[in-house]
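Note sheet for the following structure.
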Amino acid sequence: MTLRVTEIFHSIQGESTWAGLPCTFVRLTGCPLRCVWCDTAYAFHGGTRRPIDDVLAEVAKFGCRLVEITGGEPLVQPGAAVLASRLLDAGCTVLVETSGAVDVGVLDPRVHKIMDLKCPGSGEERRNLWANLDHLTGRDEIKFVVAGREDLEWTCDVVRRHELGQRVATGSLRALLVSPVWGAEDMEELAEIVLASGLPLRFQTQLHKHIWGPTRTGV
C-alpha cells in the first residue's frame with residue numbers, strides 16, 4: 001500500500017494538549033475542503049507516492065515516539081488508517097489531525113484524534129460530519145478555528161447544544177480547543193468571550209508560528 005506524501009519532518013508540536021513536545025509530522029497530500037484561512041494549501045496537490053514501509057522507515061530515523069499524521073486531510077487516503085496502526089504497533093503515540101469532514105471511525109481506537117469542527121468563517125461549515133462526534137473518546141480533542149466573535153459564539157452554541165462540555169468534565173472527551181486564526185487582531189476580545197462563557201474551552205495559539213514565523217514551509 002502506498003500514500004501520497006507532501007513531507008515528513010521533525011518539529012515542535014504547536015497546537016492541542018500536546019503543544020510544546022517534540023513531534024514527527026507526516027503530512028499527506030490532498031484535501032477536499034478549501035477553508036478560507038488555510039495555511040497549508042501547498043499540500044492540496046503534488047506530493048510523492050511512497051510505500052508505507054518507506055514512510056515508517058523515515059519516521060523511525062528521527063527517533064521520536066510522538067507522531068502526527070496530518071494534511072491536507074489525511075483521511076481521504078485509505079492508507080492513512082493503516083499507517084496509524086503500523087506506527088502504533090511500532091510503539092509510537094499517534095495523533096491524527098483531521099477536518100471532521102471525513103469518517104473518523106476507520107481509525108484504530110488507540111489513535112488520539114484531533115478533529116476540527118468547521119466554524120462559519122471557514123466557509124466550510126456545511127462539511128461538518130456530525131456523526132463523527134459519536135466516535136470520539138477520552139483520548140480525543142475537538143478544535144474550533146475561529147476567525148472572530150461570530151465563530152466563537154457559534155462554537156459556544158455547538159458546545160452547549162451537543163453537551164460537549166459535560167463530556168470533557170466526565171473525561172469522555174480530552175479537550176475543546178479554541179484556536180484563533182493566525183494574525184487575529186481581537187485576541188483579547190476572544191479570550192474575554194471564552195472567560196465569560198463558563199465553558200471548559202482551552203484557548204490556544206499556534207506555538208510553532210511564534211517560534212519560526214507564519215511562512216516557514218514544513219511546520
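Each chain of the C-alpha cells is named A, B, ... in the order shown, its residues numbered from 1; ligands are numbered from 1 in display order.
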According to DSSP computed on the backbone, where in chain A is there helix (DSSP H, G or I)? Give the residues as a short mmCIF file (atom, residue, chain, number, x, y, z; two decimals) with C-alpha atoms, in the first residue's frame.
```cif
data_model
loop_
_atom_site.label_atom_id
_atom_site.label_comp_id
_atom_site.auth_asym_id
_atom_site.auth_seq_id
_atom_site.Cartn_x
_atom_site.Cartn_y
_atom_site.Cartn_z
CA ALA A 41 -2.59 24.96 0.69
CA TYR A 42 0.74 23.68 -0.65
CA ALA A 43 -0.42 20.21 0.46
CA ILE A 52 4.05 2.74 3.82
CA ASP A 53 7.21 0.84 4.77
CA ASP A 54 9.31 3.74 3.41
CA VAL A 55 7.28 6.23 5.45
CA LEU A 56 7.76 4.15 8.59
CA ALA A 57 11.50 3.94 7.99
CA GLU A 58 11.84 7.71 7.58
CA VAL A 59 9.80 8.40 10.70
CA ALA A 60 11.99 5.98 12.66
CA LYS A 61 15.13 7.93 11.71
CA PHE A 62 14.02 10.86 13.90
CA PRO A 74 -5.14 12.71 5.75
CA LEU A 75 -8.22 10.51 5.91
CA VAL A 76 -9.06 10.97 2.23
CA GLY A 79 -3.76 4.11 3.70
CA ALA A 80 -3.69 6.77 6.44
CA ALA A 81 -5.52 4.49 8.86
CA VAL A 82 -3.13 1.66 8.01
CA LEU A 83 -0.13 3.93 8.63
CA ALA A 84 -1.56 4.95 12.00
CA SER A 85 -1.98 1.34 13.09
CA ARG A 86 1.52 0.41 11.91
CA LEU A 87 3.01 3.32 13.88
CA LEU A 88 1.07 2.30 16.97
CA ASP A 89 2.28 -1.27 16.62
CA VAL A 104 -13.01 9.06 11.73
CA GLY A 105 -14.48 5.69 12.66
CA VAL A 106 -11.93 3.99 10.39
CA PRO A 120 -18.89 29.57 9.64
CA GLY A 121 -15.85 31.79 9.00
CA SER A 122 -14.04 28.87 7.36
CA GLU A 125 -19.35 24.71 7.90
CA ARG A 126 -21.64 22.57 5.73
CA ARG A 127 -18.94 19.89 5.51
CA TRP A 130 -21.67 15.47 12.93
CA ALA A 131 -21.82 11.68 13.25
CA ASN A 132 -18.07 11.85 13.97
CA LEU A 133 -18.88 13.07 17.48
CA ASP A 134 -20.05 9.53 18.27
CA HIS A 135 -16.57 8.19 17.52
CA ARG A 149 -16.51 36.82 17.50
CA GLU A 150 -19.14 35.19 15.26
CA ASP A 151 -17.15 31.98 15.02
CA LEU A 152 -16.53 31.87 18.75
CA GLU A 153 -20.21 32.46 19.55
CA TRP A 154 -21.05 29.63 17.11
CA THR A 155 -18.50 27.46 18.93
CA CYS A 156 -20.09 28.13 22.31
CA ASP A 157 -23.53 27.30 20.89
CA VAL A 158 -22.27 24.00 19.43
CA VAL A 159 -20.56 23.05 22.71
CA ARG A 160 -23.79 23.68 24.64
CA ARG A 161 -26.12 22.08 22.09
CA LEU A 164 -19.51 18.70 24.76
CA GLY A 165 -18.55 20.48 27.97
CA GLN A 166 -20.08 17.67 30.01
CA ARG A 167 -18.03 15.16 28.03
CA VAL A 168 -14.83 16.99 28.94
CA ALA A 169 -15.92 17.17 32.57
CA MET A 187 -7.32 38.14 20.62
CA GLU A 188 -8.15 39.94 23.87
CA GLU A 189 -11.85 40.10 22.97
CA LEU A 190 -11.87 36.40 22.07
CA ALA A 191 -10.19 35.49 25.35
CA GLU A 192 -12.79 37.53 27.25
CA ILE A 193 -15.59 35.64 25.48
CA VAL A 194 -14.02 32.34 26.49
CA LEU A 195 -13.78 33.53 30.10
CA ALA A 196 -17.38 34.74 30.15
CA SER A 197 -18.76 31.56 28.56
CA LEU A 207 3.22 27.89 19.11
CA HIS A 208 5.28 26.91 16.08
CA LYS A 209 4.43 30.20 14.37
CA HIS A 210 5.59 32.15 17.39
CA ILE A 211 8.92 30.32 17.11
CA TRP A 212 9.56 30.25 13.36
#
```
If you count only C-alpha atoms, which residues fall within 9 Å of range 17-23 of chain A, apart from same-chain ones fewer than 2 positions away, as a PyMOL selection string? chain A and resi 9-15+25+64-68+141+174-175+177+202+206-208
What would the file look like if the residues just selected were written as a CSV table (one decimal), in the first residue's frame with C-alpha atoms?
```csv
chain,number,residue,atom,x,y,z
A,9,PHE,CA,9.6,16.4,9.3
A,10,HIS,CA,10.6,16.8,13.0
A,11,SER,CA,9.4,19.9,14.9
A,12,ILE,CA,7.8,21.2,18.0
A,13,GLN,CA,4.1,20.3,18.3
A,14,GLY,CA,2.4,23.7,18.0
A,15,GLU,CA,-1.2,23.0,18.9
A,25,PHE,CA,4.9,15.0,11.3
A,64,CYS,CA,10.7,10.5,18.2
A,65,ARG,CA,7.9,8.4,19.6
A,66,LEU,CA,5.2,11.1,19.2
A,67,VAL,CA,4.0,11.2,15.6
A,68,GLU,CA,1.2,13.2,14.0
A,141,GLU,CA,-9.8,16.5,21.1
A,174,ARG,CA,-10.0,15.1,26.3
A,175,ALA,CA,-10.3,18.8,25.3
A,177,LEU,CA,-9.6,23.7,21.7
A,202,ARG,CA,-8.8,25.6,26.1
A,206,GLN,CA,0.0,28.3,17.2
A,207,LEU,CA,3.2,27.9,19.1
A,208,HIS,CA,5.3,26.9,16.1
```
Rounded to one decimal in Å, what is the spacing between CA of Cys92 in chain A and CA of Ile142 in chain A? 21.5 Å
Using only C-alpha atoms, which residues sit within 7 Å of Val146 in chain A once same-chain residues fewer than 5 positions away are excluded, as a list of chain:residue names?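 Listing them by chain and then by number gives A:Cys119, A:Asp151, A:Leu152, A:Val178, A:Ser179, A:Pro180, A:Val181.
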Would you list, as a ChimeraX atom specification, the residues of chain A that end up in strand (DSSP E or B) under DSSP run on this structure's backbone? /A:2-12,22-28,48-51,66-70,93-98,112-116,141-146,175-180,201-203
For CA of Glu97 in chain A and CA of Glu163 in chain A, the interatomic separation in Å (one decimal):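 Distance between the two atoms: 22.3 Å.
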Tell me, in Å to one decimal, how far CA of Val5 in chain A is from CA of Lys118 in chain A.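 Atom-to-atom, CA of Val5 in chain A to CA of Lys118 in chain A, that is 24.1 Å.
Distances here use only C-alpha atoms; by that measure, the residue among A:Ile8, A:Val145, A:Val94, A:Leu136 closest to Gly71 in chain A is A:Ile8.
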